[in-house]
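Q: Please find one structure pasted underneath; my questions will follow.
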Amino acid sequence: MINLHNHTTYSDGDFTIEQVVAAAESGGVTHVAITDHFETAKVHSLLSAQFDRYLGEIREAARRHPGVHVLAGVEIDTDRSRCDLERLPIDQLNRLDIVLFEYVDDDGSTLESLEPLLSQLRPRRGLAHMDIERIYFGQDPDEVASRFRDFGMFVEMNNALPYRRHGVPFYELASKYYEAFRGRVGVSIGADAHHSLEAVVHLERPHRFAQSIDLMNDLLFARE
Ligand SMILES: [Zn+2]
């Protein structure tokens with residue numbers, strides 16, 4: 001059971017890194033990522049000047065909780081009016097394990113315009129809480145899969161309430177796209193937890209969905 005999207009008090013979350021990691025470990029999560037908002041005016045966010053302390057706390061939590069793999073990440077806002085994408089500290093980003101991008105191909109930036117940044121990044125990078133069915137409406141799922149693969153992006157199944165329509169998560173509404181990702185595009189599961197430690201561990205729904213369309217082998221870190 002993986003959960004690769006969580007916020008802490010370094011951005012707009014209510015709990016510390018230690019609290020999130022401890023909850024993940026006791027709840028049986030195998031891989032947990034801390035992914036605070038980074039250098040965006042959208043919300044209270046992690047700043048470059050705090051980066052060393054942030055990464056140090058994540059690595060320290062990993063040492064204290066050997067029962068769960070702890071990954072360090074951030075979430076990047078691709079709306080350029082709020083985040084100066086050209087001035088992000090690449091050296092810092094390259095010390096992380098994963099980088100999430102939000103609002104891609106939607107209210108934020110296109111994948112093409114992100115390419116100068118993406119080409120410098122070594123960590124695994126993924127698309128957070130994407131409303132695939134709406135954004136690529138009418139497009140061939142195979143073409144969307146090729147697009148994500150060509151840009152080296154994994155795609156998240158986000159379990160949080162804001163990313164649902166009529167109570168149905170965006171990833172379930174886009175099931176024919178997720179079927180096309182099998183064997184081609186990495187998929188991830190994220191709680192996007194901010195205000196609840198329960199949310200960190202209750203990810204049965206996306207895991208059941210991944211099983212139902214035979215995506216378990218495409219889950220990030222499935223074999224690690
Ligand atoms: Zn988030």
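We name chains A, B, ... following the order of the structure tokens; residues begin at 1 in each chain, and ligands are numbered from 1 as shown.
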Using only C-alpha atoms and all ligand atoms, what are the residues with an atom within 10 Å of ligand 1, set out as a list of chain:residue names?

A: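 What falls inside 10 Å of ligand 1 is A:Leu4, A:His5, A:Asn6, A:His7, A:Ser11, A:Asp12, A:Gly13, A:Ile34, A:Thr35, A:Asp36, A:His37, A:Val74, A:Glu75, A:Ile76, A:Asp77, A:Leu100, A:Phe101, A:Glu102, A:Ala128, A:His129, A:Asn158, A:Ala160, A:Gly190, A:Ala191, A:Asp192, A:Ala193, A:His194.
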
Q: Could the residues of range 82-157 of chain A that have an atom at most 10 Å from range 161-183 of chain A be listed as JSON lines, each with its closest atom pair and the distance in Å to one decimal, counting only C-alpha atoms and ordered by chain and ascending residue number?

A:
```
{"residue": "A:His129", "atom": "CA", "partner": "A:Tyr163", "partner_atom": "CA", "distance": 6.4}
{"residue": "A:Met130", "atom": "CA", "partner": "A:Phe170", "partner_atom": "CA", "distance": 7.2}
{"residue": "A:Asp131", "atom": "CA", "partner": "A:Phe170", "partner_atom": "CA", "distance": 5.4}
{"residue": "A:Ile132", "atom": "CA", "partner": "A:Ala174", "partner_atom": "CA", "distance": 6.1}
{"residue": "A:Glu133", "atom": "CA", "partner": "A:Ala174", "partner_atom": "CA", "distance": 5.0}
{"residue": "A:Arg134", "atom": "CA", "partner": "A:Ala174", "partner_atom": "CA", "distance": 8.7}
{"residue": "A:Tyr136", "atom": "CA", "partner": "A:Tyr177", "partner_atom": "CA", "distance": 9.6}
{"residue": "A:Phe137", "atom": "CA", "partner": "A:Ala174", "partner_atom": "CA", "distance": 9.7}
{"residue": "A:Gln139", "atom": "CA", "partner": "A:Tyr177", "partner_atom": "CA", "distance": 9.6}
{"residue": "A:Asp140", "atom": "CA", "partner": "A:Tyr177", "partner_atom": "CA", "distance": 8.3}
{"residue": "A:Pro141", "atom": "CA", "partner": "A:Tyr177", "partner_atom": "CA", "distance": 4.8}
{"residue": "A:Asp142", "atom": "CA", "partner": "A:Ala180", "partner_atom": "CA", "distance": 5.7}
{"residue": "A:Glu143", "atom": "CA", "partner": "A:Ala180", "partner_atom": "CA", "distance": 9.0}
{"residue": "A:Val144", "atom": "CA", "partner": "A:Tyr177", "partner_atom": "CA", "distance": 7.4}
{"residue": "A:Ala145", "atom": "CA", "partner": "A:Phe181", "partner_atom": "CA", "distance": 5.5}
{"residue": "A:Ser146", "atom": "CA", "partner": "A:Phe181", "partner_atom": "CA", "distance": 8.6}
{"residue": "A:Phe148", "atom": "CA", "partner": "A:Phe181", "partner_atom": "CA", "distance": 8.9}
{"residue": "A:Arg149", "atom": "CA", "partner": "A:Phe181", "partner_atom": "CA", "distance": 8.7}
{"residue": "A:Phe154", "atom": "CA", "partner": "A:Phe181", "partner_atom": "CA", "distance": 9.3}
{"residue": "A:Val155", "atom": "CA", "partner": "A:Phe181", "partner_atom": "CA", "distance": 8.8}
{"residue": "A:Glu156", "atom": "CA", "partner": "A:Tyr171", "partner_atom": "CA", "distance": 8.2}
{"residue": "A:Met157", "atom": "CA", "partner": "A:Tyr171", "partner_atom": "CA", "distance": 5.6}
```

Q: Please return, as a list in words, all residues of range 70-152 of chain A that DSSP assigns to alpha helix (DSSP H) on the basis of the backbone.

A: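 The alpha helix (DSSP H) subset of range 70-152 of chain A is Ile90, Asp91, Gln92, Leu93, Leu111, Glu112, Ser113, Leu114, Glu115, Pro116, Leu117, Leu118, Ile132, Glu133, Arg134, Ile135, Pro141, Asp142, Glu143, Val144, Ala145, Ser146, Arg147, Phe148, Arg149 and Asp150 of chain A.
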
Q: If you keep N, CA and C atoms, can you produce a file of those selected residues as a PDB file, in the first residue's frame?

A:
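Output below, filename selection04.pdb:
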```pdb
ATOM      1  N   ILE A  90      17.162  23.846  -8.906  1.00  0.00           N
ATOM      2  CA  ILE A  90      17.278  22.493  -9.465  1.00  0.00           C
ATOM      3  C   ILE A  90      18.133  21.591  -8.568  1.00  0.00           C
ATOM      4  N   ASP A  91      19.206  22.170  -7.994  1.00  0.00           N
ATOM      5  CA  ASP A  91      20.084  21.357  -7.142  1.00  0.00           C
ATOM      6  C   ASP A  91      19.324  20.805  -5.947  1.00  0.00           C
ATOM      7  N   GLN A  92      18.429  21.591  -5.394  1.00  0.00           N
ATOM      8  CA  GLN A  92      17.619  21.095  -4.276  1.00  0.00           C
ATOM      9  C   GLN A  92      16.631  20.035  -4.764  1.00  0.00           C
ATOM     10  N   LEU A  93      15.932  20.323  -5.846  1.00  0.00           N
ATOM     11  CA  LEU A  93      14.947  19.355  -6.357  1.00  0.00           C
ATOM     12  C   LEU A  93      15.607  18.012  -6.655  1.00  0.00           C
ATOM     13  N   LEU A 111       2.783  20.426 -20.667  1.00  0.00           N
ATOM     14  CA  LEU A 111       3.985  19.598 -20.541  1.00  0.00           C
ATOM     15  C   LEU A 111       5.108  20.145 -21.413  1.00  0.00           C
ATOM     16  N   GLU A 112       4.759  20.615 -22.619  1.00  0.00           N
ATOM     17  CA  GLU A 112       5.788  21.153 -23.520  1.00  0.00           C
ATOM     18  C   GLU A 112       6.528  22.327 -22.875  1.00  0.00           C
ATOM     19  N   SER A 113       5.775  23.219 -22.232  1.00  0.00           N
ATOM     20  CA  SER A 113       6.430  24.397 -21.664  1.00  0.00           C
ATOM     21  C   SER A 113       7.221  24.048 -20.402  1.00  0.00           C
ATOM     22  N   LEU A 114       6.953  22.883 -19.817  1.00  0.00           N
ATOM     23  CA  LEU A 114       7.710  22.446 -18.637  1.00  0.00           C
ATOM     24  C   LEU A 114       8.996  21.710 -19.011  1.00  0.00           C
ATOM     25  N   GLU A 115       9.144  21.401 -20.298  1.00  0.00           N
ATOM     26  CA  GLU A 115      10.256  20.551 -20.711  1.00  0.00           C
ATOM     27  C   GLU A 115      11.639  21.075 -20.275  1.00  0.00           C
ATOM     28  N   PRO A 116      11.921  22.405 -20.360  1.00  0.00           N
ATOM     29  CA  PRO A 116      13.238  22.876 -19.898  1.00  0.00           C
ATOM     30  C   PRO A 116      13.499  22.514 -18.430  1.00  0.00           C
ATOM     31  N   LEU A 117      12.460  22.558 -17.604  1.00  0.00           N
ATOM     32  CA  LEU A 117      12.607  22.174 -16.199  1.00  0.00           C
ATOM     33  C   LEU A 117      12.718  20.652 -16.063  1.00  0.00           C
ATOM     34  N   LEU A 118      11.800  19.946 -16.722  1.00  0.00           N
ATOM     35  CA  LEU A 118      11.783  18.480 -16.604  1.00  0.00           C
ATOM     36  C   LEU A 118      13.109  17.864 -17.045  1.00  0.00           C
ATOM     37  N   ILE A 132      -8.226  13.845 -15.829  1.00  0.00           N
ATOM     38  CA  ILE A 132      -7.863  13.388 -17.172  1.00  0.00           C
ATOM     39  C   ILE A 132      -9.059  13.356 -18.120  1.00  0.00           C
ATOM     40  N   GLU A 133     -10.175  12.873 -17.622  1.00  0.00           N
ATOM     41  CA  GLU A 133     -11.356  12.717 -18.476  1.00  0.00           C
ATOM     42  C   GLU A 133     -11.824  14.065 -19.034  1.00  0.00           C
ATOM     43  N   ARG A 134     -11.734  15.119 -18.224  1.00  0.00           N
ATOM     44  CA  ARG A 134     -12.150  16.451 -18.682  1.00  0.00           C
ATOM     45  C   ARG A 134     -11.071  17.101 -19.557  1.00  0.00           C
ATOM     46  N   ILE A 135      -9.807  17.031 -19.102  1.00  0.00           N
ATOM     47  CA  ILE A 135      -8.731  17.746 -19.794  1.00  0.00           C
ATOM     48  C   ILE A 135      -8.501  17.187 -21.203  1.00  0.00           C
ATOM     49  N   PRO A 141      -7.143   7.401 -25.564  1.00  0.00           N
ATOM     50  CA  PRO A 141      -6.357   7.071 -24.366  1.00  0.00           C
ATOM     51  C   PRO A 141      -4.922   6.643 -24.689  1.00  0.00           C
ATOM     52  N   ASP A 142      -4.716   5.948 -25.818  1.00  0.00           N
ATOM     53  CA  ASP A 142      -3.352   5.537 -26.181  1.00  0.00           C
ATOM     54  C   ASP A 142      -2.460   6.749 -26.449  1.00  0.00           C
ATOM     55  N   GLU A 143      -3.052   7.801 -27.050  1.00  0.00           N
ATOM     56  CA  GLU A 143      -2.265   9.008 -27.310  1.00  0.00           C
ATOM     57  C   GLU A 143      -1.905   9.731 -26.017  1.00  0.00           C
ATOM     58  N   VAL A 144      -2.847   9.742 -25.084  1.00  0.00           N
ATOM     59  CA  VAL A 144      -2.570  10.386 -23.793  1.00  0.00           C
ATOM     60  C   VAL A 144      -1.487   9.599 -23.054  1.00  0.00           C
ATOM     61  N   ALA A 145      -1.577   8.265 -23.124  1.00  0.00           N
ATOM     62  CA  ALA A 145      -0.549   7.420 -22.491  1.00  0.00           C
ATOM     63  C   ALA A 145       0.820   7.703 -23.119  1.00  0.00           C
ATOM     64  N   SER A 146       0.859   7.808 -24.441  1.00  0.00           N
ATOM     65  CA  SER A 146       2.141   8.099 -25.116  1.00  0.00           C
ATOM     66  C   SER A 146       2.678   9.458 -24.698  1.00  0.00           C
ATOM     67  N   ARG A 147       1.782  10.427 -24.573  1.00  0.00           N
ATOM     68  CA  ARG A 147       2.195  11.775 -24.171  1.00  0.00           C
ATOM     69  C   ARG A 147       2.880  11.727 -22.795  1.00  0.00           C
ATOM     70  N   PHE A 148       2.252  11.057 -21.837  1.00  0.00           N
ATOM     71  CA  PHE A 148       2.828  11.005 -20.482  1.00  0.00           C
ATOM     72  C   PHE A 148       4.143  10.222 -20.493  1.00  0.00           C
ATOM     73  N   ARG A 149       4.171   9.138 -21.261  1.00  0.00           N
ATOM     74  CA  ARG A 149       5.390   8.335 -21.319  1.00  0.00           C
ATOM     75  C   ARG A 149       6.537   9.143 -21.935  1.00  0.00           C
ATOM     76  N   ASP A 150       6.236   9.872 -23.024  1.00  0.00           N
ATOM     77  CA  ASP A 150       7.279  10.655 -23.695  1.00  0.00           C
ATOM     78  C   ASP A 150       7.874  11.720 -22.780  1.00  0.00           C
TER      79      ASP A 150
END
```

Q: Using only C-alpha atoms, determine which residues lie at most 12 Å from His202 in chain A, disregarding the query and same-chain residues fewer than 2 positions distant; provide the list as a CSV table (one decimal) with N, CA and C atoms, in the first residue's frame.

A:
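Generated file (result-v2.csv):
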```csv
chain,number,residue,atom,x,y,z
A,1,MET,N,0.8,-1.2,0.0
A,1,MET,CA,0.0,0.0,0.0
A,1,MET,C,0.9,1.2,0.0
A,2,ILE,N,0.7,2.1,-1.0
A,2,ILE,CA,1.6,3.3,-1.1
A,2,ILE,C,0.7,4.5,-1.0
A,3,ASN,N,1.4,5.6,-0.5
A,3,ASN,CA,0.7,6.9,-0.4
A,3,ASN,C,1.8,7.9,-0.7
A,23,ALA,N,2.1,7.7,11.4
A,23,ALA,CA,0.8,7.2,11.1
A,23,ALA,C,0.8,6.2,10.0
A,24,ALA,N,1.6,6.5,9.0
A,24,ALA,CA,1.8,5.6,7.8
A,24,ALA,C,2.3,4.3,8.2
A,26,SER,N,2.3,2.8,11.3
A,26,SER,CA,1.4,2.0,12.1
A,26,SER,C,0.2,1.6,11.3
A,27,GLY,N,-0.2,2.3,10.2
A,27,GLY,CA,-1.3,1.9,9.4
A,27,GLY,C,-1.0,0.9,8.3
A,28,GLY,N,0.2,0.5,8.2
A,28,GLY,CA,0.6,-0.6,7.2
A,28,GLY,C,0.9,-0.1,5.8
A,29,VAL,N,1.1,1.2,5.7
A,29,VAL,CA,1.5,1.8,4.4
A,29,VAL,C,3.0,1.3,4.2
A,159,ASN,N,-6.9,10.5,-4.0
A,159,ASN,CA,-8.1,10.0,-3.2
A,159,ASN,C,-8.8,11.1,-2.5
A,160,ALA,N,-8.3,12.4,-2.6
A,160,ALA,CA,-8.9,13.5,-1.8
A,160,ALA,C,-10.2,14.0,-2.4
A,189,ILE,N,-0.4,6.3,-6.1
A,189,ILE,CA,-1.6,6.6,-5.3
A,189,ILE,C,-1.2,7.6,-4.2
A,190,GLY,N,-2.1,8.6,-4.1
A,190,GLY,CA,-1.8,9.7,-3.2
A,190,GLY,C,-3.0,10.1,-2.4
A,191,ALA,N,-2.9,10.3,-1.1
A,191,ALA,CA,-4.0,10.7,-0.2
A,191,ALA,C,-4.2,12.2,-0.4
A,192,ASP,N,-3.1,13.0,-0.6
A,192,ASP,CA,-3.1,14.5,-0.6
A,192,ASP,C,-3.6,14.9,0.8
A,193,ALA,N,-3.1,14.2,1.8
A,193,ALA,CA,-3.6,14.4,3.2
A,193,ALA,C,-3.1,15.8,3.7
A,196,SER,N,-5.9,15.3,8.2
A,196,SER,CA,-6.4,14.0,8.8
A,196,SER,C,-5.3,13.0,8.7
A,197,LEU,N,-4.9,12.4,9.8
A,197,LEU,CA,-4.0,11.2,9.8
A,197,LEU,C,-4.7,10.0,9.3
A,198,GLU,N,-6.0,9.9,9.5
A,198,GLU,CA,-6.8,8.8,8.9
A,198,GLU,C,-6.6,8.7,7.4
A,199,ALA,N,-6.6,9.9,6.8
A,199,ALA,CA,-6.5,10.0,5.3
A,199,ALA,C,-5.2,9.4,4.8
A,200,VAL,N,-4.2,9.5,5.7
A,200,VAL,CA,-2.8,9.0,5.3
A,200,VAL,C,-2.9,7.5,5.0
A,204,GLU,N,-7.9,2.4,0.6
A,204,GLU,CA,-8.5,1.1,0.0
A,204,GLU,C,-9.0,1.3,-1.4
A,205,ARG,N,-9.8,2.4,-1.6
A,205,ARG,CA,-10.5,2.7,-2.8
A,205,ARG,C,-9.5,2.7,-4.0
A,206,PRO,N,-8.5,3.6,-4.0
A,206,PRO,CA,-7.6,3.6,-5.2
A,206,PRO,C,-6.8,2.2,-5.4
A,207,HIS,N,-6.5,1.6,-4.3
A,207,HIS,CA,-5.8,0.3,-4.4
A,207,HIS,C,-6.8,-0.8,-5.0
A,208,ARG,N,-8.0,-0.7,-4.6
A,208,ARG,CA,-9.0,-1.7,-5.2
A,208,ARG,C,-9.2,-1.4,-6.7
```

Q: Residues near Leu71 in chain A, anyone? I mean within 7 Å using only C-alpha atoms, not counting same-chain ones fewer than 2 positions away, as a PDB file with C-alpha atoms, in the first residue's frame.

A:
```pdb
ATOM      1  CA  VAL A  32       4.950   7.162   2.157  1.00  0.00           C
ATOM      2  CA  ALA A  33       6.099  10.387   0.504  1.00  0.00           C
ATOM      3  CA  ILE A  34       6.161  13.841   2.053  1.00  0.00           C
ATOM      4  CA  HIS A  69       9.865   3.419   3.135  1.00  0.00           C
ATOM      5  CA  GLY A  73       9.290  15.089  -2.395  1.00  0.00           C
ATOM      6  CA  ASP A  97      12.985  11.149  -4.523  1.00  0.00           C
TER       7      ASP A  97
END
```

Q: Report as number ranges by chain: the residues of range 74-126 of chain A with a DSSP assignment of strand (DSSP E), based on the backbone of this structure.

A: A: 74-77, 98-102, 124-126

Q: Report, in Å with one decimal, the straight-line distance from CA of Gly152 in chain A to CA of Ser119 in chain A.

A: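 Pair CA of Gly152 in chain A / CA of Ser119 in chain A returns 9.6 Å.
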
Q: Please indicate the distance in Å from CA of Cys83 in chain A to CA of Ile98 in chain A, rounded to one decimal place.

A: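 Taking CA of Cys83 in chain A as the start and CA of Ile98 in chain A as the end point, the length is 18.4 Å.
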
Q: Between CA of Arg87 in chain A and CA of Phe15 in chain A, what distance in Å does the model show, to one decimal?

A: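 So the answer is 28.6 Å.
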